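> Data file model_28.txt (compact mmCIF, C-alpha atoms and all ligand atoms) is appended below.
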```
# COMPACT_ATOMS: atom_id res chain seq x y z
CA MET S 1 -14.48 -50.35 27.25
CA ARG S 2 -14.76 -53.95 26.18
CA ARG S 3 -17.63 -54.60 28.53
CA TYR S 4 -19.49 -51.53 27.36
CA PHE S 5 -19.05 -52.60 23.75
CA LYS S 6 -20.42 -56.07 24.38
CA ALA S 7 -23.48 -54.69 26.08
CA THR S 8 -24.23 -52.29 23.27
CA THR S 9 -24.19 -55.04 20.68
CA HIS S 10 -27.53 -56.19 22.08
CA LEU S 11 -28.94 -52.99 20.71
CA VAL S 12 -28.33 -53.84 17.09
CA PHE S 13 -32.00 -54.20 16.29
CA GLY S 14 -33.43 -50.77 16.51
CA LEU S 15 -32.99 -49.60 20.07
CA THR S 16 -32.28 -45.96 20.64
CA LEU S 17 -28.94 -44.34 21.00
CA GLY S 18 -29.97 -43.04 24.42
CA SER S 19 -30.22 -46.53 25.81
CA ALA S 20 -27.04 -47.56 24.04
CA GLN S 21 -25.14 -44.85 25.82
CA CYS S 22 -26.23 -45.78 29.32
CA THR S 23 -25.94 -49.56 29.06
CA SER S 24 -23.11 -50.83 31.19
CA THR S 25 -24.16 -54.12 32.79
CA PRO S 26 -21.71 -56.93 32.08
CA ASP S 27 -23.28 -59.89 30.35
CA THR S 28 -21.72 -63.25 31.02
CA THR S 29 -24.22 -65.18 28.88
CA TYR S 30 -23.25 -63.22 25.82
CA GLN S 31 -23.21 -64.92 22.39
CA PRO S 32 -20.40 -64.23 19.92
CA GLN S 33 -20.92 -60.65 18.81
CA HIS S 34 -19.99 -61.19 15.19
CA LEU S 35 -23.08 -63.37 14.72
CA ASP S 36 -25.34 -60.49 15.81
CA PHE S 37 -23.57 -58.18 13.43
CA GLU S 38 -23.69 -60.67 10.59
CA GLU S 39 -27.41 -61.14 10.99
CA ALA S 40 -27.95 -57.39 11.16
CA ARG S 41 -25.87 -56.95 8.02
CA THR S 42 -27.88 -59.57 6.12
CA ARG S 43 -31.10 -57.78 7.09
CA MET S 44 -29.59 -54.46 6.10
CA VAL S 45 -28.88 -55.77 2.60
CA ASP S 46 -32.26 -57.49 2.22
CA GLU S 47 -34.47 -54.73 3.60
CA GLN S 48 -32.65 -51.50 2.81
CA ILE S 49 -30.58 -52.24 -0.27
CA GLN S 50 -32.01 -55.10 -2.32
CA ALA S 51 -35.57 -54.00 -1.54
CA ARG S 52 -34.78 -50.56 -3.00
CA GLY S 53 -33.59 -51.97 -6.28
CA ILE S 54 -29.84 -52.60 -6.04
CA ARG S 55 -29.30 -55.68 -8.22
CA ASN S 56 -25.54 -56.01 -8.80
CA VAL S 57 -24.72 -59.28 -7.04
CA ARG S 58 -21.10 -58.39 -6.38
CA VAL S 59 -22.16 -55.10 -4.77
CA LEU S 60 -24.75 -56.90 -2.62
CA GLU S 61 -22.12 -59.43 -1.57
CA ALA S 62 -19.63 -56.70 -0.66
CA MET S 63 -22.28 -54.96 1.45
CA ARG S 64 -23.00 -58.30 3.17
CA THR S 65 -19.32 -58.77 3.97
CA VAL S 66 -17.78 -55.45 5.04
CA PRO S 67 -18.14 -55.00 8.83
CA ARG S 68 -19.73 -51.53 8.95
CA HIS S 69 -19.69 -51.60 12.78
CA GLU S 70 -15.89 -51.38 12.61
CA PHE S 71 -16.16 -48.00 10.87
CA VAL S 72 -18.50 -46.19 13.25
CA PRO S 73 -17.53 -44.70 16.62
CA GLU S 74 -17.89 -47.20 19.45
CA ALA S 75 -20.91 -45.45 20.94
CA TYR S 76 -22.83 -45.95 17.67
CA ARG S 77 -21.98 -49.57 16.98
CA GLY S 78 -25.42 -50.77 17.95
CA LEU S 79 -26.79 -48.59 15.15
CA ALA S 80 -24.24 -49.56 12.50
CA TYR S 81 -26.75 -51.49 10.38
CA GLU S 82 -29.64 -49.04 10.68
CA ASP S 83 -31.06 -47.23 7.66
CA SER S 84 -29.28 -43.93 8.28
CA PRO S 85 -26.01 -42.04 8.09
CA LEU S 86 -23.94 -41.94 11.30
CA PRO S 87 -21.37 -39.49 12.65
CA THR S 88 -17.67 -40.17 12.33
CA ARG S 89 -15.21 -38.42 14.56
CA SER S 90 -14.46 -34.82 13.59
CA GLY S 91 -18.12 -33.98 12.90
CA GLN S 92 -18.26 -35.75 9.52
CA THR S 93 -20.64 -38.53 8.50
CA ILE S 94 -20.53 -42.08 7.21
CA SER S 95 -23.19 -42.37 4.50
CA GLN S 96 -26.41 -44.35 4.78
CA PRO S 97 -25.80 -47.97 3.64
CA TYR S 98 -28.21 -47.64 0.70
CA ILE S 99 -26.37 -44.58 -0.61
CA VAL S 100 -23.03 -46.41 -0.40
CA ALA S 101 -24.54 -49.32 -2.36
CA LEU S 102 -26.15 -47.01 -4.93
CA MET S 103 -22.95 -45.06 -5.55
CA THR S 104 -20.98 -48.28 -5.79
CA GLU S 105 -23.42 -49.88 -8.23
CA SER S 106 -23.50 -46.73 -10.35
CA ILE S 107 -19.83 -47.11 -11.32
CA ASP S 108 -20.37 -50.74 -12.38
CA PRO S 109 -17.20 -51.92 -10.61
CA SER S 110 -15.13 -54.79 -12.00
CA PRO S 111 -12.11 -56.68 -10.62
CA GLY S 112 -9.34 -55.16 -12.70
CA GLN S 113 -10.25 -51.53 -12.07
CA ARG S 114 -8.53 -48.70 -10.23
CA VAL S 115 -10.92 -46.31 -8.53
CA LEU S 116 -10.47 -42.94 -6.82
CA GLU S 117 -12.59 -41.86 -3.87
CA VAL S 118 -12.70 -38.27 -2.61
CA GLY S 119 -13.72 -37.99 1.07
CA THR S 120 -12.32 -41.04 2.91
CA GLY S 121 -14.14 -40.27 6.17
CA SER S 122 -14.28 -43.53 8.12
CA GLY S 123 -12.97 -45.60 5.19
CA TYR S 124 -16.20 -47.61 4.88
CA GLN S 125 -16.99 -46.73 1.26
CA ALA S 126 -13.35 -47.43 0.37
CA ALA S 127 -13.55 -50.83 2.08
CA VAL S 128 -16.67 -51.73 0.08
CA LEU S 129 -14.94 -50.70 -3.15
CA ALA S 130 -11.85 -52.67 -2.13
CA LYS S 131 -13.88 -55.89 -2.37
CA LEU S 132 -14.89 -55.09 -5.94
CA VAL S 133 -11.94 -53.52 -7.74
CA ARG S 134 -8.18 -53.96 -7.84
CA ASP S 135 -7.06 -50.76 -6.13
CA VAL S 136 -8.78 -47.92 -4.34
CA TYR S 137 -7.09 -44.53 -3.98
CA THR S 138 -8.81 -42.34 -1.42
CA ILE S 139 -8.18 -38.75 -0.34
CA GLU S 140 -9.28 -37.09 2.90
CA ILE S 141 -8.77 -33.44 3.76
CA LEU S 142 -8.90 -33.78 7.56
CA PRO S 143 -5.55 -35.18 8.77
CA GLU S 144 -6.96 -36.99 11.82
CA LEU S 145 -9.58 -38.77 9.68
CA ALA S 146 -7.05 -39.74 7.01
CA LYS S 147 -4.83 -41.20 9.71
CA SER S 148 -7.54 -43.08 11.58
CA ALA S 149 -9.05 -44.48 8.36
CA ALA S 150 -5.64 -45.72 7.21
CA GLU S 151 -5.04 -47.37 10.58
CA ARG S 152 -8.49 -48.95 10.60
CA LEU S 153 -8.08 -50.38 7.08
CA GLU S 154 -4.71 -51.78 8.01
CA ARG S 155 -6.10 -53.38 11.17
CA LEU S 156 -8.84 -54.98 9.05
CA LYS S 157 -6.15 -56.24 6.65
CA ILE S 158 -7.60 -54.38 3.68
CA SER S 159 -4.42 -53.84 1.73
CA ASN S 160 -5.65 -52.52 -1.64
CA VAL S 161 -6.81 -49.14 -0.31
CA HIS S 162 -4.30 -46.30 -0.48
CA VAL S 163 -5.12 -43.32 1.73
CA ARG S 164 -3.76 -39.85 1.21
CA GLU S 165 -4.35 -36.64 3.10
CA GLY S 166 -5.12 -33.62 0.91
CA ASP S 167 -7.62 -31.71 -1.19
CA GLY S 168 -9.48 -34.29 -3.27
CA TYR S 169 -10.86 -31.62 -5.59
CA LEU S 170 -7.48 -31.83 -7.30
CA GLY S 171 -7.61 -35.62 -7.60
CA TRP S 172 -4.50 -37.79 -7.46
CA PRO S 173 -2.66 -36.96 -10.72
CA GLU S 174 0.25 -39.35 -10.05
CA GLN S 175 -2.14 -42.31 -10.07
CA ALA S 176 -4.45 -41.11 -12.87
CA PRO S 177 -6.21 -42.08 -15.05
CA PHE S 178 -8.92 -43.88 -13.05
CA ASP S 179 -11.64 -46.21 -14.28
CA SER S 180 -14.11 -44.45 -11.99
CA ILE S 181 -14.21 -41.72 -9.35
CA LEU S 182 -16.58 -41.41 -6.39
CA VAL S 183 -16.94 -38.15 -4.50
CA THR S 184 -18.61 -38.50 -1.11
CA ALA S 185 -18.93 -34.79 -0.28
CA ALA S 186 -21.15 -32.27 -2.06
CA ALA S 187 -19.57 -29.94 -4.61
CA GLY S 188 -20.72 -26.62 -6.02
CA GLU S 189 -19.79 -27.81 -9.49
CA ILE S 190 -18.24 -30.86 -11.14
CA PRO S 191 -14.48 -30.61 -10.41
CA GLU S 192 -12.68 -30.34 -13.75
CA PRO S 193 -9.46 -32.04 -12.48
CA LEU S 194 -11.51 -35.13 -11.66
CA VAL S 195 -13.06 -35.28 -15.12
CA GLU S 196 -9.56 -34.98 -16.58
CA GLN S 197 -8.32 -37.88 -14.43
CA LEU S 198 -11.09 -40.16 -15.63
CA LYS S 199 -10.46 -42.68 -18.40
CA PRO S 200 -12.58 -42.31 -21.53
CA GLY S 201 -15.70 -44.39 -20.87
CA GLY S 202 -15.17 -43.92 -17.11
CA ARG S 203 -17.73 -42.67 -14.62
CA LEU S 204 -17.66 -39.99 -11.96
CA VAL S 205 -20.36 -40.13 -9.29
CA ILE S 206 -20.78 -37.01 -7.20
CA PRO S 207 -23.40 -35.10 -5.19
CA VAL S 208 -23.74 -31.65 -6.77
CA ASN S 209 -25.55 -28.63 -5.28
CA THR S 210 -28.48 -27.56 -7.43
CA ASN S 211 -29.86 -24.04 -7.49
CA GLN S 212 -33.14 -25.38 -6.10
CA GLY S 213 -31.46 -25.80 -2.70
CA TYR S 214 -30.89 -29.54 -2.73
CA GLN S 215 -28.06 -31.83 -3.85
CA SER S 216 -28.43 -34.20 -6.75
CA LEU S 217 -26.39 -37.38 -6.97
CA GLN S 218 -25.03 -37.24 -10.51
CA VAL S 219 -23.27 -39.80 -12.67
CA ILE S 220 -21.02 -38.24 -15.28
CA GLU S 221 -19.87 -40.50 -18.08
CA LYS S 222 -16.89 -39.35 -20.07
CA ASP S 223 -17.04 -40.46 -23.69
CA VAL S 224 -14.05 -41.32 -25.87
CA ASN S 225 -13.94 -37.78 -27.27
CA GLY S 226 -13.83 -36.28 -23.79
CA GLY S 227 -17.51 -35.23 -23.90
CA LYS S 228 -19.71 -35.65 -20.83
CA LYS S 229 -23.09 -37.28 -20.39
CA ILE S 230 -24.75 -36.38 -17.07
CA ARG S 231 -27.48 -38.42 -15.36
CA ASP S 232 -29.25 -37.46 -12.12
CA LEU S 233 -29.88 -40.38 -9.75
CA ILE S 234 -31.64 -39.05 -6.63
CA PRO S 235 -31.68 -36.04 -4.29
CA VAL S 236 -29.20 -36.55 -1.42
CA ARG S 237 -27.68 -34.76 1.55
CA PHE S 238 -23.88 -34.89 1.96
CA VAL S 239 -21.43 -32.76 3.95
CA PRO S 240 -19.77 -30.11 1.76
CA LEU S 241 -16.60 -30.65 -0.23
CA VAL S 242 -14.36 -28.03 1.38
CA ARG S 243 -11.37 -26.33 -0.20
CA PRO S 244 -8.26 -25.26 1.71
CA ARG S 245 -7.96 -21.48 1.95
N1 LIG U 301 -16.89 -41.90 2.33
C1 LIG U 301 -16.95 -41.68 3.76
C2 LIG U 301 -17.94 -40.62 4.17
C3 LIG U 301 -17.55 -39.28 3.67
S1 LIG U 301 -18.10 -37.86 4.54
C4 LIG U 301 -17.22 -42.96 4.50
O1 LIG U 301 -17.47 -44.01 3.87
O2 LIG U 301 -17.16 -42.95 5.74
C5 LIG U 301 -17.22 -36.71 3.54
C6 LIG U 301 -15.75 -36.61 3.82
O3 LIG U 301 -15.18 -35.75 2.85
C7 LIG U 301 -15.42 -36.01 5.18
O4 LIG U 301 -14.59 -36.86 5.90
C8 LIG U 301 -14.72 -34.70 4.82
O5 LIG U 301 -13.70 -34.33 5.74
C9 LIG U 301 -14.14 -35.03 3.45
N2 LIG U 301 -13.82 -33.89 2.60
C10 LIG U 301 -14.47 -32.71 2.49
N3 LIG U 301 -13.87 -31.93 1.57
C11 LIG U 301 -12.81 -32.65 1.07
C12 LIG U 301 -11.81 -32.39 0.08
N4 LIG U 301 -11.73 -31.23 -0.58
N5 LIG U 301 -10.90 -33.35 -0.18
C13 LIG U 301 -10.94 -34.55 0.49
N6 LIG U 301 -11.85 -34.83 1.43
C14 LIG U 301 -12.79 -33.90 1.72
```
Hey, can you dump this file as structure tokens for me?

Amino acid sequence: MRRYFKATTHLVFGLTLGSAQCTSTPDTTYQPQHLDFEEARTRMVDEQIQARGIRNVRVLEAMRTVPRHEFVPEAYRGLAYEDSPLPTRSGQTISQPYIVALMTESIDPSPGQRVLEVGTGSGYQAAVLAKLVRDVYTIEILPELAKSAAERLERLKISNVHVREGDGYLGWPEQAPFDSILVTAAAGEIPEPLVEQLKPGGRLVIPVNTNQGYQSLQVIEKDVNGGKKIRDLIPVRFVPLVRPR
């Protein structure tokens, strides 16, 4: 396994998955892998994120720091810093780096905040948030993903992310209210429990299905009187927010 992993790290810069899967030659002249990943991560931020208009310096720094390759299945590590979403286990996806940065910037994170994420998946988005706010509460409906994300975050010594298995549509009432809420699965409508669990002045960012057949990434700002101001960012494609039967 180890040998296979080392070989695939050569593929960081744009080689195909096909070749990543069949590479198996041991490489004794290998350079420390973290340097390859670090360089790839710097390029990712410069070319995919900053170039597309993300300006928040703390968000850019978090994206430069969090080791995305640790959050993707081993077979995809060579593609971890590419400009695309990748599969997690269980048929779910880890969002494209730019979308993670955009969603993160849209909540304007600051160090004292407590943020809720719905749709833990690999834990990558939660790990990025963990660099920027005080505490991250994240809910995942698939038990095996909740468990593996919690284990991964612990292994990476990220201690301010709290993972819970369950239906995130209902939020996490015991920990509410939150400064901001991110939903990383597409909903048919804005979940009312999440709006309720938002502080006045707080933001909810969520992909919502439109009746034109696409999803729109929306930012909902709750005002002090409980009113909502909705802003559409961009069209996106997320896996659906599912509800238990
Ligand atoms: N944020 C993740 C990617 C999320 S993919 C990352 O950084 O890797 C969307 C995730 O939402 C999937 O893991 C899916 O299982 C989960 N999900 C779908 N419906 C859900 C619900 N009702 N409550 C919580 N999680 C849900």
> May I ask you to write as a PyMOL selection string all residues lying at most 6 Å from ligand LIG 301 (chain U), with all atoms listed in the file counted?
chain S and resi 92-95+118-125+139-142+166-169+184-185+239-243
> Between S:Asp179, S:Pro111, S:Tyr98, S:Ala186, which residue has the minimum interatomic distance to Ala51 in chain S, considering all atoms listed in the file?
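For Ala51 in chain S, the nearest of the given residues is S:Tyr98.
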> If you measure from CA of Glu38 in chain S to CA of Glu70 in chain S, what distance in Å do you get, rounded to one decimal?
12.3 Å
> One number please: CA of Arg64 in chain S to CA of Leu204 in chain S, in Å, one decimal.
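So the two atoms, CA of Arg64 in chain S and CA of Leu204 in chain S, lie 24.3 Å apart.
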> Between S:Gly202, S:Pro85, S:Pro97, S:Pro177, single out the one closest to Arg43 in chain S, counting only C-alpha atoms.
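Smallest separation from Arg43 in chain S among the options: S:Pro97.
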> How many Å lie between CA of Met63 in chain S and CA of Glu47 in chain S, rounded to one decimal?
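CA of Glu47 in chain S lies at a distance of 12.4 Å from CA of Met63 in chain S.
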> Kindly indicate which residue among S:Met103, S:Leu116, S:Ala127, S:Ile158 lies nearest to Arg68 in chain S, using all atoms listed in the file for the distances.
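Result for the nearest residue to Arg68 in chain S: S:Ala127.
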> Nearest to Leu79 in chain S: which of S:Ile99, S:Leu194, S:Ala149, S:Met44 is it, counting all atoms listed in the file?
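Of S:Ile99, S:Leu194, S:Ala149, S:Met44, the one nearest Leu79 in chain S, counting all atoms listed in the file, is S:Met44.
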> How big is the axis-aligned box around all listed atoms of range 187-204 of chain S once 4 Å goes on each side, and where's its centre, in Å to one decimal, as lines of an AutoDock Vina configuration file?

```
center_x = -14.5
center_y = -35.5
center_z = -13.1
size_x = 20.4
size_y = 25.8
size_z = 24.9
```
> Counting all atoms listed in the file, which of S:Ser180, S:Ser148, S:Ser110, S:Gln215 gets nearest to Val195 in chain S?
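Nearest candidate to Val195 in chain S out of S:Ser180, S:Ser148, S:Ser110, S:Gln215: S:Ser180.
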> Point out the residue among S:Arg52, S:Glu39, S:Lys222, S:Pro73 with the least atom-to-atom distance to Gly91 in chain S, counting all atoms listed in the file.
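Closest candidate: S:Pro73.
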